[in-house]
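Input: a single structure, listed below in structure tokens.
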Amino acid sequence: MKFVEKTGKSVEEALRLALIDLEVTREEVDYEIVEEGAKGFLGFGAKEFKIKVSKKNSVTDVARNFLESVLKEMNIKADLDIKQENETLSINMNGEDMAILIGKRGQTLDSLQYLISLVVNKGRDEYIRVVLDTENYRMKRKETLENLADKLAYKVKKTRKNVVLEPMNPYERRIIHSALQNNPNVSTKSEGDEPYRKVVIYFDYKKNKVN
């Protein structure tokens, strides 16, 4: 049931009846007054208020509708598994041609994730974090970057020369920083401006106590 129409001596009374029928709270609905009520005179001509009450689209509904419309324009068929846990919305796409949605180093996937985040957070007071994935790309990419970080850290330790990685988005830079934060020989920093900001891995003389 998407909406109901209810009448009552007041808007509040009609709204209360509608909330019972829809089994929702006040915050979950929008309503409009279809007919204005009137008290009448000496009991004659009284007219009840009539309102139309509809459920607001949930965060998952908004995300699904938007992503389905984008995929339709791209002529891509995919099943969407959308789950919300606290303030995080996880979306997983399954289907053919998923490589198109991932793009080079996940750029297309990141762009879609950013657009969905804009849509679902429009007009909201509390921010919803959106995580969009397909074919377990995020986890595979994380493992790849962590392995890369370890190899480059070993290289920096041996050569004492800084290594500058290719430009990465904030999420991927965090993976590198996190992977090496407890390394006993090297440290990391970010340099440059978006979207060309890069991670630098350098030999940390303070950690090694080398004069």
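As shown in the structure tokens, the chain order sets the letters A, B, ...; within each chain, residues go from 1, and ligands are also counted from 1 in the order they appear.
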
Contact residues around Phe203 in chain A with only C-alpha atoms at 10 Å, ignoring same-chain residues under 6 positions, as a CSV table (one decimal) with N, CA and C atoms, in the first residue's frame:
```
chain,number,residue,atom,x,y,z
A,153,ALA,N,57.4,-1.0,0.1
A,153,ALA,CA,58.1,-0.7,1.4
A,153,ALA,C,59.4,-1.4,1.5
A,154,TYR,N,59.4,-2.6,1.0
A,154,TYR,CA,60.7,-3.4,1.0
A,154,TYR,C,61.7,-2.7,0.1
A,155,LYS,N,61.3,-2.3,-1.0
A,155,LYS,CA,62.2,-1.6,-2.0
A,155,LYS,C,62.7,-0.3,-1.4
A,156,VAL,N,61.9,0.5,-0.7
A,156,VAL,CA,62.3,1.7,-0.1
A,156,VAL,C,63.3,1.4,1.0
A,157,LYS,N,63.0,0.4,1.8
A,157,LYS,CA,64.0,0.0,2.9
A,157,LYS,C,65.4,-0.3,2.3
A,158,LYS,N,65.4,-1.0,1.2
A,158,LYS,CA,66.7,-1.4,0.6
A,158,LYS,C,67.4,-0.2,0.0
A,159,THR,N,66.7,0.6,-0.7
A,159,THR,CA,67.3,1.7,-1.5
A,159,THR,C,67.4,3.0,-0.8
A,160,ARG,N,66.6,3.2,0.2
A,160,ARG,CA,66.5,4.5,1.0
A,160,ARG,C,66.0,5.6,0.1
A,161,LYS,N,65.4,5.2,-1.0
A,161,LYS,CA,64.8,6.2,-2.0
A,161,LYS,C,63.3,6.2,-1.9
A,162,ASN,N,62.7,7.4,-2.0
A,162,ASN,CA,61.2,7.5,-2.0
A,162,ASN,C,60.6,6.8,-3.2
A,163,VAL,N,59.4,6.3,-3.0
A,163,VAL,CA,58.6,5.7,-4.1
A,163,VAL,C,57.3,6.5,-4.2
A,184,PRO,N,57.9,-0.9,10.5
A,184,PRO,CA,59.0,-0.4,11.3
A,184,PRO,C,60.1,0.4,10.6
A,185,ASN,N,60.0,0.4,9.2
A,185,ASN,CA,61.1,1.1,8.4
A,185,ASN,C,60.6,2.3,7.6
A,186,VAL,N,59.4,2.3,7.2
A,186,VAL,CA,58.9,3.3,6.3
A,186,VAL,C,57.7,4.0,6.8
A,187,SER,N,57.4,5.2,6.2
A,187,SER,CA,56.2,5.9,6.5
A,187,SER,C,55.6,6.4,5.2
A,188,THR,N,54.4,7.0,5.2
A,188,THR,CA,53.7,7.4,4.0
A,188,THR,C,53.2,8.8,4.2
```

Handout entry: Exercise: Leu19 in chain A partners within 12 Å, only C-alpha atoms, chain neighbours under 2 positions left out, as a ChimeraX atom specification
Key = /A:1-6,12-17,21-31,51-55

Practice task
Could you pull out the residues in range 11-125 of chain A that DSSP calls alpha helix (DSSP H) from the backbone, as a PyMOL selection string?
Solution key: chain A and resi 11-22+59-73+98-102+107-121

Practice task
Write down as JSON, numbers by chain the residues of range 62-163 of chain A whose backbone DSSP state falls under strand (DSSP E).
Solution key: {"A": [78, 79, 80, 81, 82, 83, 84, 85, 88, 89, 90, 91, 92, 93, 94, 95, 129, 130, 131, 132, 133, 134, 163]}

Can you spit out the residues from that selection as a PDB file, in the first residue's frame, using N, CA and C atoms?
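Dumped everything to selection.pdb:
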```
ATOM      1  N   ALA A  78      21.474  -6.059 -14.552  1.00  0.00           N
ATOM      2  CA  ALA A  78      22.163  -6.501 -13.334  1.00  0.00           C
ATOM      3  C   ALA A  78      21.161  -6.662 -12.208  1.00  0.00           C
ATOM      4  N   ASP A  79      21.391  -7.664 -11.389  1.00  0.00           N
ATOM      5  CA  ASP A  79      20.605  -7.840 -10.172  1.00  0.00           C
ATOM      6  C   ASP A  79      21.252  -7.024  -9.060  1.00  0.00           C
ATOM      7  N   LEU A  80      20.423  -6.323  -8.307  1.00  0.00           N
ATOM      8  CA  LEU A  80      20.949  -5.460  -7.249  1.00  0.00           C
ATOM      9  C   LEU A  80      20.617  -6.025  -5.876  1.00  0.00           C
ATOM     10  N   ASP A  81      21.634  -6.182  -5.076  1.00  0.00           N
ATOM     11  CA  ASP A  81      21.459  -6.608  -3.688  1.00  0.00           C
ATOM     12  C   ASP A  81      21.801  -5.409  -2.811  1.00  0.00           C
ATOM     13  N   ILE A  82      20.779  -4.800  -2.193  1.00  0.00           N
ATOM     14  CA  ILE A  82      20.962  -3.570  -1.424  1.00  0.00           C
ATOM     15  C   ILE A  82      20.605  -3.804   0.035  1.00  0.00           C
ATOM     16  N   LYS A  83      21.530  -3.492   0.907  1.00  0.00           N
ATOM     17  CA  LYS A  83      21.308  -3.658   2.336  1.00  0.00           C
ATOM     18  C   LYS A  83      21.747  -2.403   3.085  1.00  0.00           C
ATOM     19  N   GLN A  84      20.948  -2.017   4.072  1.00  0.00           N
ATOM     20  CA  GLN A  84      21.316  -0.888   4.915  1.00  0.00           C
ATOM     21  C   GLN A  84      21.574  -1.373   6.333  1.00  0.00           C
ATOM     22  N   GLU A  85      22.731  -1.022   6.840  1.00  0.00           N
ATOM     23  CA  GLU A  85      23.079  -1.351   8.216  1.00  0.00           C
ATOM     24  C   GLU A  85      23.564  -0.083   8.891  1.00  0.00           C
ATOM     25  N   THR A  88      25.241   2.905   6.858  1.00  0.00           N
ATOM     26  CA  THR A  88      25.955   2.452   5.660  1.00  0.00           C
ATOM     27  C   THR A  88      25.008   1.693   4.738  1.00  0.00           C
ATOM     28  N   LEU A  89      25.024   2.078   3.462  1.00  0.00           N
ATOM     29  CA  LEU A  89      24.201   1.422   2.449  1.00  0.00           C
ATOM     30  C   LEU A  89      25.136   0.645   1.523  1.00  0.00           C
ATOM     31  N   SER A  90      25.019  -0.686   1.554  1.00  0.00           N
ATOM     32  CA  SER A  90      25.875  -1.544   0.726  1.00  0.00           C
ATOM     33  C   SER A  90      25.088  -2.027  -0.484  1.00  0.00           C
ATOM     34  N   ILE A  91      25.656  -1.820  -1.664  1.00  0.00           N
ATOM     35  CA  ILE A  91      24.998  -2.215  -2.913  1.00  0.00           C
ATOM     36  C   ILE A  91      25.939  -3.117  -3.696  1.00  0.00           C
ATOM     37  N   ASN A  92      25.452  -4.301  -4.046  1.00  0.00           N
ATOM     38  CA  ASN A  92      26.253  -5.215  -4.852  1.00  0.00           C
ATOM     39  C   ASN A  92      25.522  -5.517  -6.157  1.00  0.00           C
ATOM     40  N   MET A  93      26.225  -5.414  -7.267  1.00  0.00           N
ATOM     41  CA  MET A  93      25.639  -5.639  -8.581  1.00  0.00           C
ATOM     42  C   MET A  93      26.134  -6.970  -9.147  1.00  0.00           C
ATOM     43  N   ASN A  94      25.205  -7.760  -9.673  1.00  0.00           N
ATOM     44  CA  ASN A  94      25.567  -9.047 -10.263  1.00  0.00           C
ATOM     45  C   ASN A  94      24.979  -9.140 -11.669  1.00  0.00           C
ATOM     46  N   GLY A  95      25.801  -9.565 -12.615  1.00  0.00           N
ATOM     47  CA  GLY A  95      25.316  -9.695 -13.983  1.00  0.00           C
ATOM     48  C   GLY A  95      26.466  -9.807 -14.961  1.00  0.00           C
ATOM     49  N   ARG A 129      26.543   6.560   4.261  1.00  0.00           N
ATOM     50  CA  ARG A 129      27.724   6.153   3.487  1.00  0.00           C
ATOM     51  C   ARG A 129      27.314   5.072   2.498  1.00  0.00           C
ATOM     52  N   VAL A 130      27.664   5.266   1.233  1.00  0.00           N
ATOM     53  CA  VAL A 130      27.311   4.321   0.180  1.00  0.00           C
ATOM     54  C   VAL A 130      28.543   3.538  -0.251  1.00  0.00           C
ATOM     55  N   VAL A 131      28.429   2.211  -0.299  1.00  0.00           N
ATOM     56  CA  VAL A 131      29.508   1.350  -0.791  1.00  0.00           C
ATOM     57  C   VAL A 131      28.942   0.536  -1.950  1.00  0.00           C
ATOM     58  N   LEU A 132      29.415   0.817  -3.152  1.00  0.00           N
ATOM     59  CA  LEU A 132      28.962   0.127  -4.361  1.00  0.00           C
ATOM     60  C   LEU A 132      30.032  -0.846  -4.819  1.00  0.00           C
ATOM     61  N   ASP A 133      29.633  -2.089  -5.101  1.00  0.00           N
ATOM     62  CA  ASP A 133      30.620  -3.100  -5.483  1.00  0.00           C
ATOM     63  C   ASP A 133      30.022  -4.061  -6.504  1.00  0.00           C
ATOM     64  N   THR A 134      30.900  -4.756  -7.205  1.00  0.00           N
ATOM     65  CA  THR A 134      30.490  -5.820  -8.111  1.00  0.00           C
ATOM     66  C   THR A 134      31.643  -6.793  -8.279  1.00  0.00           C
ATOM     67  N   VAL A 163      59.435   6.264  -3.004  1.00  0.00           N
ATOM     68  CA  VAL A 163      58.642   5.733  -4.115  1.00  0.00           C
ATOM     69  C   VAL A 163      57.334   6.512  -4.175  1.00  0.00           C
TER      70      VAL A 163
END
```

Practice task
Would you mind reading off the distance between CA of Ile76 in chain A and CA of Ile100 in chain A, one decimal, in Å?
Solution key: 9.1 Å

Practice task
Find the residue from A:Ser69, A:Asn183, A:Ser117, A:Asn136 that sits nearest to Ala149 in chain A; use only C-alpha atoms when measuring.
Solution key: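 Smallest separation from Ala149 in chain A among the options: A:Asn183.
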
Exercise for the section: Determine the nearest neighbour of Asp97 in chain A from the options A:Ser190, A:Asn121, A:Asn182, A:Asn75, counting only C-alpha atoms. Expected result: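 Closest to Asp97 in chain A, using only C-alpha atoms: A:Asn75.
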
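Interatomic distance, CA of Asn169 in chain A against CA of Pro195 in chain A: 7.0 Å.
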
Completion exercise
CA of Pro170 in chain A sits from CA of Asp150 in chain A at a separation of 19.0 Å

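Residue neighbourhood of Val199 in chain A, excluding near-sequence residues (fewer than 2 positions): A:Val164, A:Leu165, A:Arg173, A:Thr188, A:Lys189, A:Ser190, A:Glu191, A:Ile201, at 7 Å, using only C-alpha atoms.
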
Same residues, N, CA and C atoms, saved as a short mmCIF file (atom, residue, chain, number, x, y, z; two decimals), in the first residue's frame:
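Wrote out02.cif, looks like this:
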```cif
data_model
loop_
_atom_site.label_atom_id
_atom_site.label_comp_id
_atom_site.auth_asym_id
_atom_site.auth_seq_id
_atom_site.Cartn_x
_atom_site.Cartn_y
_atom_site.Cartn_z
N VAL A 164 57.04 7.05 -5.34
CA VAL A 164 55.80 7.81 -5.54
C VAL A 164 54.83 6.96 -6.35
N LEU A 165 53.66 6.69 -5.81
CA LEU A 165 52.67 5.87 -6.49
C LEU A 165 51.87 6.71 -7.48
N ARG A 173 44.07 5.63 -1.29
CA ARG A 173 45.22 6.17 -0.54
C ARG A 173 45.15 5.73 0.91
N THR A 188 54.42 6.95 5.25
CA THR A 188 53.75 7.41 4.03
C THR A 188 53.21 8.82 4.22
N LYS A 189 53.02 9.49 3.09
CA LYS A 189 52.38 10.81 3.09
C LYS A 189 51.71 11.00 1.74
N SER A 190 50.79 11.93 1.68
CA SER A 190 50.13 12.24 0.41
C SER A 190 50.58 13.60 -0.08
N GLU A 191 50.80 13.70 -1.38
CA GLU A 191 51.22 14.97 -1.98
C GLU A 191 50.40 15.26 -3.22
N ILE A 201 55.88 6.85 -0.41
CA ILE A 201 56.44 5.95 0.61
C ILE A 201 57.91 6.32 0.78
#
```

Handout entry: Long-range neighbours of Val120 in chain A as an MDAnalysis selection string, 10 Å cut-off, only C-alpha atoms, 3 positions minimum in chain
Key = chainID A and resid 58:64 66 89 115:117 123:124 127:130

Once you have the residues from the selection above, write them out as a short mmCIF file (atom, residue, chain, number, x, y, z; two decimals), in the first residue's frame, restricted to C-alpha atoms.
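Output saved as part11.cif:
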```cif
data_model
loop_
_atom_site.label_atom_id
_atom_site.label_comp_id
_atom_site.auth_asym_id
_atom_site.auth_seq_id
_atom_site.Cartn_x
_atom_site.Cartn_y
_atom_site.Cartn_z
CA SER A 58 13.25 4.61 1.76
CA VAL A 59 16.98 5.08 1.24
CA THR A 60 17.15 1.65 -0.40
CA ASP A 61 14.24 2.51 -2.71
CA VAL A 62 15.88 5.78 -3.78
CA ALA A 63 19.21 4.06 -4.46
CA ARG A 64 17.58 1.19 -6.36
CA PHE A 66 18.35 5.69 -9.43
CA LEU A 89 24.20 1.42 2.45
CA LEU A 115 26.37 9.84 -7.77
CA ILE A 116 24.29 7.43 -5.68
CA SER A 117 25.64 9.04 -2.52
CA GLY A 123 17.82 16.63 1.95
CA ARG A 124 18.99 14.30 4.73
CA TYR A 127 24.83 11.21 6.21
CA ILE A 128 24.47 7.76 4.64
CA ARG A 129 27.72 6.15 3.49
CA VAL A 130 27.31 4.32 0.18
#
```
